[in-house]
file query.json (JSON, C-alpha atoms)
[["chain", "number", "residue", "atom", "x", "y", "z"],
["A", 71, "MET", "CA", 101.34, 76.17, 172.49],
["A", 72, "PRO", "CA", 102.07, 73.14, 170.34],
["A", 73, "ALA", "CA", 103.89, 73.63, 167.10],
["A", 74, "LEU", "CA", 101.66, 73.33, 164.06],
["A", 75, "LEU", "CA", 102.23, 71.29, 160.91],
["A", 76, "LEU", "CA", 99.98, 70.98, 157.89],
["A", 77, "ARG", "CA", 99.65, 67.79, 155.89],
["A", 78, "ALA", "CA", 97.37, 67.74, 152.87],
["A", 79, "MET", "CA", 96.02, 64.54, 151.39],
["A", 80, "PHE", "CA", 93.54, 64.10, 148.62],
["A", 81, "MET", "CA", 91.58, 60.96, 149.35],
["A", 82, "TYR", "CA", 94.48, 58.72, 148.43],
["A", 83, "SER", "CA", 95.28, 55.46, 150.13],
["A", 84, "ARG", "CA", 98.38, 55.58, 152.32],
["A", 85, "LYS", "CA", 100.49, 53.78, 149.71],
["A", 86, "ARG", "CA", 99.68, 56.47, 147.16],
["A", 87, "LEU", "CA", 99.82, 59.42, 149.51],
["A", 88, "VAL", "CA", 100.43, 62.79, 147.93],
["A", 89, "ALA", "CA", 100.95, 65.40, 150.61],
["A", 90, "ALA", "CA", 102.40, 68.65, 151.71],
["A", 91, "LEU", "CA", 103.96, 68.86, 155.14],
["A", 92, "ILE", "CA", 104.73, 72.40, 156.23],
["A", 93, "LEU", "CA", 106.07, 73.63, 159.55],
["A", 94, "LEU", "CA", 104.77, 77.14, 160.10],
["A", 95, "PRO", "CA", 105.98, 79.72, 159.51],
["A", 96, "VAL", "CA", 109.02, 79.00, 157.35],
["A", 97, "VAL", "CA", 110.49, 75.49, 157.44],
["A", 98, "LEU", "CA", 109.49, 72.87, 154.83],
["A", 99, "PHE", "CA", 109.90, 69.15, 155.51],
["A", 100, "ILE", "CA", 109.43, 66.09, 153.32],
["A", 101, "GLY", "CA", 107.94, 63.14, 155.21],
["A", 102, "SER", "CA", 109.68, 59.86, 154.51],
["A", 103, "ASN", "CA", 106.67, 58.28, 152.82],
["A", 104, "LEU", "CA", 105.81, 61.35, 150.75],
["A", 105, "ILE", "CA", 106.73, 61.85, 147.12],
["A", 106, "ASN", "CA", 109.58, 64.18, 146.31],
["A", 107, "SER", "CA", 107.57, 67.19, 145.17],
["A", 108, "LEU", "CA", 106.30, 68.84, 148.37],
["A", 109, "GLN", "CA", 105.26, 67.35, 150.71],
["A", 110, "GLY", "CA", 107.80, 68.71, 169.21],
["A", 111, "THR", "CA", 109.88, 70.13, 169.77],
["A", 112, "VAL", "CA", 110.26, 71.83, 166.51],
["A", 113, "ALA", "CA", 114.02, 71.64, 166.79],
["A", 114, "SER", "CA", 113.88, 67.86, 167.01],
["A", 115, "LYS", "CA", 111.80, 67.59, 163.83],
["A", 116, "SER", "CA", 113.95, 70.02, 161.89],
["A", 117, "GLN", "CA", 116.98, 67.78, 162.27],
["A", 118, "GLU", "CA", 115.40, 65.47, 159.65],
["A", 119, "VAL", "CA", 116.08, 62.45, 161.82],
["A", 120, "GLN", "CA", 116.47, 59.21, 159.91],
["A", 121, "PRO", "CA", 114.65, 56.10, 161.12],
["A", 122, "SER", "CA", 116.61, 53.67, 163.19],
["A", 123, "LYS", "CA", 118.08, 50.72, 161.29],
["A", 124, "GLN", "CA", 117.81, 48.52, 164.35],
["A", 125, "PRO", "CA", 114.63, 46.41, 164.53],
["A", 126, "SER", "CA", 112.41, 47.25, 167.47],
["A", 127, "PRO", "CA", 109.29, 45.63, 168.93],
["A", 128, "ILE", "CA", 106.04, 47.24, 167.80],
["A", 129, "GLN", "CA", 104.71, 49.66, 170.39],
["A", 130, "ARG", "CA", 101.26, 51.22, 170.52],
["A", 131, "PRO", "CA", 101.04, 54.48, 172.50],
["A", 132, "PRO", "CA", 97.68, 55.66, 173.81],
["A", 133, "ALA", "CA", 95.53, 57.21, 171.07],
["A", 134, "ILE", "CA", 92.58, 59.37, 172.07],
["A", 135, "ALA", "CA", 89.79, 60.83, 169.91],
["A", 136, "LYS", "CA", 87.99, 64.08, 170.76],
["A", 137, "GLN", "CA", 84.60, 64.29, 169.07],
["A", 138, "LEU", "CA", 82.88, 67.32, 167.56],
["A", 139, "GLU", "CA", 80.50, 69.05, 169.90],
["A", 140, "SER", "CA", 76.95, 67.95, 169.21],
["A", 141, "GLU", "CA", 73.48, 68.44, 170.61],
["A", 142, "GLY", "CA", 72.71, 64.79, 170.03],
["A", 143, "VAL", "CA", 74.22, 61.61, 171.41],
["A", 144, "THR", "CA", 76.08, 60.82, 168.20],
["A", 145, "PRO", "CA", 78.36, 63.43, 166.61],
["A", 146, "PRO", "CA", 77.47, 64.40, 163.02],
["A", 147, "VAL", "CA", 80.92, 63.33, 161.86],
["A", 148, "GLU", "CA", 82.48, 60.79, 164.20],
["A", 149, "LEU", "CA", 85.99, 59.57, 164.90],
["A", 150, "GLN", "CA", 86.27, 55.85, 165.64],
["A", 151, "ARG", "CA", 89.06, 53.48, 166.68],
["A", 152, "PRO", "CA", 92.05, 55.86, 166.81],
["A", 153, "ALA", "CA", 95.34, 53.96, 166.85],
["A", 154, "ALA", "CA", 99.06, 54.63, 166.61],
["A", 155, "ARG", "CA", 102.13, 52.45, 166.08],
["A", 156, "LEU", "CA", 105.73, 53.11, 167.06],
["A", 157, "SER", "CA", 108.77, 51.36, 165.64],
["A", 158, "ALA", "CA", 110.96, 53.02, 168.30],
["A", 159, "ALA", "CA", 110.37, 55.45, 171.15],
["A", 160, "ASN", "CA", 110.91, 58.42, 168.83],
["A", 161, "GLN", "CA", 109.48, 56.94, 165.62],
["A", 162, "LEU", "CA", 105.76, 57.13, 164.96],
["A", 163, "GLU", "CA", 105.25, 54.86, 161.96],
["A", 164, "GLU", "CA", 101.54, 55.40, 161.49],
["A", 165, "TYR", "CA", 98.48, 56.86, 163.16],
["A", 166, "THR", "CA", 95.00, 56.13, 161.97],
["A", 167, "CYS", "CA", 91.33, 56.53, 162.73],
["A", 168, "ILE", "CA", 88.00, 55.97, 161.02],
["A", 169, "VAL", "CA", 85.93, 59.01, 160.04],
["A", 170, "LYS", "CA", 82.21, 58.19, 159.87],
["A", 171, "ASN", "CA", 79.64, 60.46, 158.28],
["A", 172, "ASN", "CA", 76.47, 60.30, 160.40],
["A", 173, "THR", "CA", 74.70, 63.07, 158.48],
["A", 174, "GLU", "CA", 72.44, 63.01, 155.43],
["A", 175, "LYS", "CA", 74.92, 65.05, 153.35],
["A", 176, "ALA", "CA", 78.13, 63.92, 151.67],
["A", 177, "VAL", "CA", 81.40, 65.13, 153.20],
["A", 178, "VAL", "CA", 83.61, 66.51, 150.42],
["A", 179, "ALA", "CA", 86.57, 67.59, 152.59],
["A", 180, "PHE", "CA", 87.69, 67.45, 156.19],
["A", 181, "SER", "CA", 90.69, 68.20, 158.36],
["A", 182, "LEU", "CA", 91.96, 66.22, 161.33],
["A", 183, "ALA", "CA", 94.13, 67.77, 164.03],
["A", 184, "TRP", "CA", 96.66, 65.18, 165.23],
["A", 185, "THR", "CA", 98.48, 66.18, 168.42],
["A", 186, "ILE", "CA", 101.62, 64.17, 169.15],
["A", 187, "VAL", "CA", 102.85, 64.54, 172.72],
["A", 188, "ILE", "CA", 106.56, 63.90, 173.23],
["A", 189, "GLU", "CA", 108.83, 63.95, 176.25],
["A", 190, "VAL", "CA", 112.34, 65.42, 176.19],
["A", 191, "ALA", "CA", 114.51, 65.46, 179.32],
["A", 192, "GLY", "CA", 111.47, 64.87, 181.52],
["A", 193, "LYS", "CA", 109.40, 67.68, 179.97],
["A", 194, "GLU", "CA", 106.45, 67.23, 177.68],
["A", 195, "SER", "CA", 105.74, 69.25, 174.54],
["A", 196, "ALA", "CA", 103.41, 68.74, 171.60],
["A", 197, "VAL", "CA", 103.27, 68.97, 167.82],
["A", 198, "THR", "CA", 99.86, 69.46, 166.19],
["A", 199, "GLU", "CA", 99.52, 68.33, 162.60],
["A", 200, "LEU", "CA", 96.59, 69.16, 160.35],
["A", 201, "GLU", "CA", 95.77, 66.32, 157.97],
["A", 202, "VAL", "CA", 93.50, 67.59, 155.18],
["A", 203, "MET", "CA", 91.47, 65.28, 152.94],
["A", 204, "ASP", "CA", 89.80, 66.83, 149.90],
["A", 205, "SER", "CA", 87.70, 65.01, 147.31],
["A", 206, "LEU", "CA", 87.01, 68.26, 145.44],
["A", 207, "ILE", "CA", 90.59, 69.22, 144.74],
["A", 208, "HIS", "CA", 89.38, 69.63, 141.16],
["A", 209, "PRO", "CA", 86.01, 68.77, 139.53],
["A", 210, "ASP", "CA", 87.77, 66.91, 136.69],
["A", 211, "PHE", "CA", 88.80, 64.12, 139.01],
["A", 212, "ARG", "CA", 85.53, 63.83, 140.86],
["A", 213, "GLU", "CA", 83.73, 63.42, 137.54],
["A", 214, "SER", "CA", 86.16, 60.66, 136.57],
["A", 215, "GLY", "CA", 85.36, 58.81, 139.80],
["A", 216, "SER", "CA", 88.93, 58.80, 141.06],
["A", 217, "LEU", "CA", 88.13, 60.99, 144.05],
["A", 218, "ARG", "CA", 84.99, 60.36, 146.06],
["A", 219, "PRO", "CA", 83.33, 62.16, 148.96],
["A", 220, "VAL", "CA", 82.32, 60.37, 152.15],
["A", 221, "SER", "CA", 78.67, 59.54, 151.51],
["A", 222, "PRO", "CA", 76.03, 59.58, 154.26],
["A", 223, "GLY", "CA", 76.42, 56.60, 156.59],
["A", 224, "THR", "CA", 79.80, 55.56, 155.18],
["A", 225, "GLU", "CA", 83.32, 55.60, 156.59],
["A", 226, "PHE", "CA", 86.75, 56.76, 155.49],
["A", 227, "VAL", "CA", 90.00, 55.39, 156.92],
["A", 228, "ALA", "CA", 92.37, 58.30, 157.61],
["A", 229, "GLU", "CA", 96.00, 57.18, 157.69],
["A", 230, "SER", "CA", 99.10, 59.26, 158.31],
["A", 231, "GLY", "CA", 102.80, 58.87, 159.10],
["A", 232, "PRO", "CA", 105.57, 58.16, 159.47],
["A", 233, "THR", "CA", 106.80, 61.00, 161.70],
["A", 234, "TYR", "CA", 110.26, 60.86, 163.29],
["A", 235, "PHE", "CA", 111.65, 62.89, 166.16],
["A", 236, "GLY", "CA", 115.09, 63.38, 167.74],
["A", 237, "SER", "CA", 117.01, 60.49, 169.27],
["A", 238, "ASN", "CA", 116.40, 61.81, 172.81],
["A", 239, "ASP", "CA", 112.66, 62.29, 172.28],
["A", 240, "SER", "CA", 110.02, 59.85, 173.48],
["A", 241, "ILE", "CA", 106.50, 59.77, 172.05],
["A", 242, "LYS", "CA", 104.01, 59.49, 174.91],
["A", 243, "ARG", "CA", 100.54, 59.66, 173.33],
["A", 244, "VAL", "CA", 98.55, 60.78, 170.29],
["A", 245, "LYS", "CA", 95.32, 62.74, 170.20],
["A", 246, "VAL", "CA", 93.03, 63.38, 167.24],
["A", 247, "SER", "CA", 90.09, 65.74, 166.72],
["A", 248, "ILE", "CA", 88.15, 67.15, 163.78],
["A", 249, "ASP", "CA", 89.10, 70.73, 162.94],
["A", 250, "TYR", "CA", 86.95, 71.24, 159.86],
["A", 251, "VAL", "CA", 84.30, 69.47, 157.77],
["A", 252, "GLU", "CA", 82.95, 70.68, 154.41],
["A", 253, "PHE", "CA", 79.71, 69.23, 153.06],
["A", 254, "GLU", "CA", 78.49, 68.95, 149.46],
["A", 255, "ASP", "CA", 76.10, 71.89, 149.92],
["A", 256, "GLY", "CA", 78.90, 74.22, 151.02],
["A", 257, "THR", "CA", 78.05, 74.19, 154.72],
["A", 258, "SER", "CA", 80.70, 73.33, 157.27],
["A", 259, "LEU", "CA", 81.34, 72.19, 160.83],
["A", 260, "GLY", "CA", 84.23, 72.34, 163.26],
["A", 261, "PRO", "CA", 86.33, 74.97, 165.02],
["A", 262, "ASN", "CA", 88.48, 75.60, 161.91],
["A", 263, "ILE", "CA", 91.06, 77.24, 164.18],
["A", 264, "ASN", "CA", 92.41, 80.46, 162.65],
["A", 265, "SER", "CA", 90.75, 79.33, 159.38],
["A", 266, "ARG", "CA", 93.85, 77.29, 158.59],
["A", 267, "SER", "CA", 92.01, 74.20, 157.34],
["A", 268, "SER", "CA", 89.56, 76.00, 155.06],
["A", 269, "GLN", "CA", 92.32, 78.26, 153.73],
["A", 270, "GLN", "CA", 94.58, 75.29, 153.02],
["A", 271, "ILE", "CA", 91.83, 73.57, 151.05],
["A", 272, "ALA", "CA", 91.04, 76.73, 149.07],
["A", 273, "VAL", "CA", 94.67, 77.46, 148.20],
["A", 274, "VAL", "CA", 95.38, 73.89, 147.04],
["A", 275, "ARG", "CA", 92.29, 74.02, 144.83],
["A", 276, "GLU", "CA", 93.53, 77.31, 143.37],
["A", 277, "GLY", "CA", 96.80, 75.60, 142.44],
["A", 278, "THR", "CA", 94.98, 72.83, 140.57],
["A", 279, "ALA", "CA", 92.81, 75.37, 138.75],
["A", 280, "ARG", "CA", 95.80, 77.41, 137.58],
["A", 281, "TYR", "CA", 97.61, 74.33, 136.33],
["A", 282, "LYS", "CA", 94.51, 73.17, 134.46],
["A", 283, "GLU", "CA", 94.23, 76.57, 132.76],
["A", 284, "TRP", "CA", 97.88, 76.39, 131.68],
["A", 285, "LEU", "CA", 97.43, 72.85, 130.37],
["A", 286, "VAL", "CA", 94.36, 73.79, 128.32],
["A", 287, "GLN", "CA", 96.21, 76.79, 126.90],
["A", 288, "THR", "CA", 99.10, 74.50, 125.95],
["A", 289, "TYR", "CA", 96.67, 72.09, 124.28],
["A", 290, "VAL", "CA", 95.19, 74.89, 122.15],
["A", 291, "GLU", "CA", 98.59, 76.38, 121.26],
["A", 292, "THR", "CA", 99.92, 72.99, 120.09],
["A", 293, "GLY", "CA", 97.03, 72.48, 117.67],
["A", 294, "ARG", "CA", 95.10, 70.28, 120.12],
["A", 295, "SER", "CA", 97.78, 67.63, 120.08],
["A", 296, "LEU", "CA", 97.49, 65.09, 122.89],
["A", 297, "LYS", "CA", 100.99, 63.88, 122.13],
["A", 298, "LEU", "CA", 102.59, 67.30, 122.59],
["A", 299, "VAL", "CA", 100.63, 67.93, 125.80],
["A", 300, "LEU", "CA", 101.80, 64.57, 127.12],
["A", 301, "GLN", "CA", 105.40, 65.58, 126.41],
["A", 302, "LYS", "CA", 104.81, 68.73, 128.47],
["A", 303, "LEU", "CA", 103.39, 66.66, 131.31],
["A", 304, "LEU", "CA", 106.32, 64.26, 131.23],
["A", 305, "ASN", "CA", 109.16, 66.73, 130.76],
["A", 306, "GLU", "CA", 108.04, 69.95, 132.44],
["A", 307, "LEU", "CA", 107.10, 70.07, 136.10],
["A", 308, "ILE", "CA", 105.47, 73.32, 137.19],
["A", 309, "PRO", "CA", 105.99, 76.37, 134.93],
["A", 310, "ASP", "CA", 107.41, 79.41, 136.73],
["A", 311, "ASP", "CA", 104.98, 81.74, 134.97],
["A", 312, "LEU", "CA", 102.06, 80.22, 136.89],
["A", 313, "ASN", "CA", 103.20, 82.32, 139.87],
["A", 314, "LEU", "CA", 102.34, 79.69, 142.47],
["A", 315, "SER", "CA", 103.37, 81.60, 145.56],
["A", 316, "THR", "CA", 102.79, 78.98, 148.26],
["A", 317, "ALA", "CA", 103.68, 75.35, 148.85],
["A", 318, "GLU", "CA", 99.98, 74.50, 148.94],
["A", 319, "MET", "CA", 99.40, 75.99, 145.48],
["A", 320, "LYS", "CA", 102.36, 74.05, 144.11],
["A", 321, "GLN", "CA", 101.01, 70.89, 145.69],
["A", 322, "GLY", "CA", 97.69, 71.40, 143.94],
["A", 323, "ALA", "CA", 99.47, 71.81, 140.60],
["A", 324, "HIS", "CA", 101.63, 68.72, 141.19],
["A", 325, "THR", "CA", 98.54, 66.70, 142.07],
["A", 326, "TYR", "CA", 96.70, 67.75, 138.91],
["A", 327, "ARG", "CA", 99.73, 66.86, 136.79],
["A", 328, "ARG", "CA", 100.02, 63.40, 138.34],
["A", 329, "ARG", "CA", 96.31, 62.73, 137.91],
["A", 330, "MET", "CA", 96.49, 63.59, 134.22],
["A", 331, "LEU", "CA", 99.47, 61.29, 133.78],
["A", 332, "ASP", "CA", 97.55, 58.54, 135.59],
["A", 333, "LEU", "CA", 94.65, 58.93, 133.17],
["A", 334, "TYR", "CA", 96.97, 58.64, 130.20],
["A", 335, "LYS", "CA", 98.79, 55.61, 131.60],
["A", 336, "LYS", "CA", 95.44, 53.91, 132.10],
["A", 337, "GLN", "CA", 94.78, 54.50, 128.39],
["A", 338, "ARG", "CA", 91.86, 56.80, 129.14],
["A", 339, "ALA", "CA", 92.55, 58.98, 126.09],
["A", 340, "ASP", "CA", 88.86, 59.82, 125.73],
["A", 341, "ARG", "CA", 88.66, 61.21, 129.25],
["A", 342, "TYR", "CA", 92.05, 62.87, 128.83],
["A", 343, "ARG", "CA", 90.90, 64.71, 125.68],
["A", 344, "LYS", "CA", 87.56, 65.71, 127.25],
["A", 345, "ILE", "CA", 89.31, 67.34, 130.21],
["A", 346, "LEU", "CA", 91.59, 69.34, 127.92],
["A", 347, "GLN", "CA", 88.64, 70.52, 125.85],
["A", 348, "GLN", "CA", 87.01, 72.01, 128.95],
["A", 349, "MET", "CA", 88.08, 75.60, 129.29],
["A", 350, "LYS", "CA", 87.33, 75.92, 133.00]]

call {"tool": "encode", "arguments": {"input": "query.json", "output": "structure tokens"}}
result
Amino acid sequence: MPALLLRAMFMYSRKRLVAALILLPVVLFIGSNLINSLQGTVASKSQEVQPSKQPSPIQRPPAIAKQLESEGVTPPVELQRPAARLSAANQLEEYTCIVKNNTEKAVVAFSLAWTIVIEVAGKESAVTELEVMDSLIHPDFRESGSLRPVSPGTEFVAESGPTYFGSNDSIKRVKVSIDYVEFEDGTSLGPNINSRSSQQIAVVREGTARYKEWLVQTYVETGRSLKLVLQKLLNELIPDDLNLSTAEMKQGAHTYRRRMLDLYKKQRADRYRKILQQMK
């Protein structure tokens, strides 16, 4: 079976990607374009191979999309134009596809299963990576318009990478399929293998909710001082007493913290204060 990795994204563009990359069951990696919080052969990946400093011609390995099963001709949520780009035989710089919502309901979250097939010493193996996009990571940010679902008839460009393997590894091809789709009415589609995608989404959301509760409590305890709360946001990362037991929970908390700082930097003090005054 291919090794499994989880990558969580929250409807950010690739340049602003906030993600968690976890190799089950125990090894944590930080992708080279991920921020420093949290983000095969498995052995090759775990060596934390650095990208080659030698320039190399751009290579594009075959990229194949597997659609959701559907009774109709067109899948309800469709993958279009999958593509991948190598900077070296073992260096997958980016892999992308377009996710199109062909239904009449908004897609609030989805998970893509990227399978990267590599060859080592003449033998092929595979790494499967779950890339999770969630526009409902917390209601505060959907209301502010910073996170948006995929509306009916619209498209979302899913971008991931880079991913580096061992110096003796050669990337042969990339496959992508939809593992899970969550709609605005709570219904879902997709195999959701072992419930990993839906569980990842739920646990990250729990992390954001716990951090929001702590922040509101801090706001009340400091006499509703925006200045003192801002100092907490700037100087204190994630409090230990939140008991965030998983990397996904911590990622949710980190994401909420960054979003609040973004609001403040954009001089949205009104929105900032309104969020803190909400007790849920």

call {"tool": "atom_distance", "arguments": {"input": "query.json", "atom1": "atom CA of Leu200 of chain A", "atom2": "atom CA of Thr166 of chain A"}}
result
13.2 Å

call {"tool": "atom_distance", "arguments": {"input": "query.json", "atom1": "atom CA of Ala135 of chain A", "atom2": "atom CA of Leu259 of chain A"}}
result
16.8 Å

call {"tool": "closest_residue", "arguments": {"input": "query.json", "among": "A:Gly192, A:Gly223, A:Gly256, A:Pro132", "to": "Leu206 of chain A", "atoms": "all atoms listed in the file"}}
result
A:Gly256

call {"tool": "closest_residue", "arguments": {"input": "query.json", "among": "A:Tyr334, A:Met203, A:Val273, A:Pro309", "to": "Lys297 of chain A", "atoms": "only C-alpha atoms"}}
result
A:Tyr334

call {"tool": "closest_atom_pairs", "arguments": {"input": "query.json", "of": "segment 171-200 of chain A", "to": "segment 236-247 of chain A", "cutoff": "6 Å", "atoms": "only C-alpha atoms", "output": "Markdown table"}}
result
| residue | atom | partner | partner_atom | distance |
| --- | --- | --- | --- | --- |
| A:Leu182 | CA | A:Ser247 | CA | 5.7 |
| A:Ala183 | CA | A:Ser247 | CA | 5.3 |
| A:Trp184 | CA | A:Val246 | CA | 4.5 |
| A:Thr185 | CA | A:Lys245 | CA | 5.0 |
| A:Ile186 | CA | A:Val244 | CA | 4.7 |
| A:Val187 | CA | A:Arg243 | CA | 5.4 |
| A:Ile188 | CA | A:Ile241 | CA | 4.3 |
| A:Glu189 | CA | A:Ser240 | CA | 5.1 |
| A:Val190 | CA | A:Asp239 | CA | 5.0 |

call {"tool": "write_last_selection", "arguments": {"input": "query.json", "atoms": "C-alpha atoms", "output": "mmCIF file, in the coordinates of the input"}}
result
data_model
loop_
_atom_site.group_PDB
_atom_site.id
_atom_site.type_symbol
_atom_site.label_atom_id
_atom_site.label_comp_id
_atom_site.auth_asym_id
_atom_site.auth_seq_id
_atom_site.Cartn_x
_atom_site.Cartn_y
_atom_site.Cartn_z
ATOM 1 C CA LEU A 182 91.960 66.220 161.330
ATOM 2 C CA ALA A 183 94.130 67.770 164.030
ATOM 3 C CA TRP A 184 96.660 65.180 165.230
ATOM 4 C CA THR A 185 98.480 66.180 168.420
ATOM 5 C CA ILE A 186 101.620 64.170 169.150
ATOM 6 C CA VAL A 187 102.850 64.540 172.720
ATOM 7 C CA ILE A 188 106.560 63.900 173.230
ATOM 8 C CA GLU A 189 108.830 63.950 176.250
ATOM 9 C CA VAL A 190 112.340 65.420 176.190
#

call {"tool": "atom_distance", "arguments": {"input": "query.json", "atom1": "atom CA of Glu229 of chain A", "atom2": "atom CA of Lys175 of chain A"}}
result
22.9 Å

call {"tool": "build_atoms", "arguments": {"input": "query.json", "residues": "segment 246-263 of chain A", "atoms": "N, CA and C atoms", "output": "mmCIF file, keeping the file's coordinate frame"}}
result
data_model
loop_
_atom_site.group_PDB
_atom_site.id
_atom_site.type_symbol
_atom_site.label_atom_id
_atom_site.label_comp_id
_atom_site.auth_asym_id
_atom_site.auth_seq_id
_atom_site.Cartn_x
_atom_site.Cartn_y
_atom_site.Cartn_z
ATOM 1 N N VAL A 246 93.565 62.969 168.528
ATOM 2 C CA VAL A 246 93.030 63.380 167.240
ATOM 3 C C VAL A 246 91.656 64.019 167.444
ATOM 4 N N SER A 247 91.398 65.078 166.695
ATOM 5 C CA SER A 247 90.090 65.740 166.720
ATOM 6 C C SER A 247 89.794 66.260 165.317
ATOM 7 N N ILE A 248 88.546 66.589 165.068
ATOM 8 C CA ILE A 248 88.150 67.150 163.780
ATOM 9 C C ILE A 248 88.228 68.669 163.873
ATOM 10 N N ASP A 249 89.001 69.269 162.968
ATOM 11 C CA ASP A 249 89.100 70.730 162.940
ATOM 12 C C ASP A 249 88.092 71.339 161.988
ATOM 13 N N TYR A 250 87.800 70.625 160.891
ATOM 14 C CA TYR A 250 86.950 71.240 159.860
ATOM 15 C C TYR A 250 86.297 70.143 159.024
ATOM 16 N N VAL A 251 85.038 70.355 158.677
ATOM 17 C CA VAL A 251 84.300 69.470 157.770
ATOM 18 C C VAL A 251 83.571 70.327 156.756
ATOM 19 N N GLU A 252 83.692 69.977 155.475
ATOM 20 C CA GLU A 252 82.950 70.680 154.410
ATOM 21 C C GLU A 252 81.999 69.695 153.755
ATOM 22 N N PHE A 253 80.727 70.085 153.660
ATOM 23 C CA PHE A 253 79.710 69.230 153.060
ATOM 24 C C PHE A 253 79.450 69.631 151.604
ATOM 25 N N GLU A 254 78.747 68.749 150.894
ATOM 26 C CA GLU A 254 78.490 68.950 149.460
ATOM 27 C C GLU A 254 77.688 70.208 149.171
ATOM 28 N N ASP A 255 76.897 70.692 150.136
ATOM 29 C CA ASP A 255 76.100 71.890 149.920
ATOM 30 C C ASP A 255 76.829 73.172 150.315
ATOM 31 N N GLY A 256 78.112 73.053 150.674
ATOM 32 C CA GLY A 256 78.900 74.220 151.020
ATOM 33 C C GLY A 256 78.895 74.583 152.495
ATOM 34 N N THR A 257 78.047 73.932 153.282
ATOM 35 C CA THR A 257 78.050 74.190 154.720
ATOM 36 C C THR A 257 79.235 73.489 155.376
ATOM 37 N N SER A 258 79.526 73.884 156.601
ATOM 38 C CA SER A 258 80.700 73.330 157.270
ATOM 39 C C SER A 258 80.469 73.191 158.765
ATOM 40 N N LEU A 259 81.347 72.391 159.382
ATOM 41 C CA LEU A 259 81.340 72.190 160.830
ATOM 42 C C LEU A 259 82.776 72.243 161.336
ATOM 43 N N GLY A 260 82.916 72.416 162.643
ATOM 44 C CA GLY A 260 84.230 72.340 163.260
ATOM 45 C C GLY A 260 84.787 73.687 163.651
ATOM 46 N N PRO A 261 85.749 73.698 164.561
ATOM 47 C CA PRO A 261 86.330 74.970 165.020
ATOM 48 C C PRO A 261 87.102 75.710 163.939
ATOM 49 N N ASN A 262 87.721 74.977 162.996
ATOM 50 C CA ASN A 262 88.480 75.600 161.910
ATOM 51 C C ASN A 262 89.400 76.686 162.482
ATOM 52 N N ILE A 263 90.261 76.299 163.405
ATOM 53 C CA ILE A 263 91.060 77.240 164.180
ATOM 54 C C ILE A 263 91.884 78.142 163.262
#
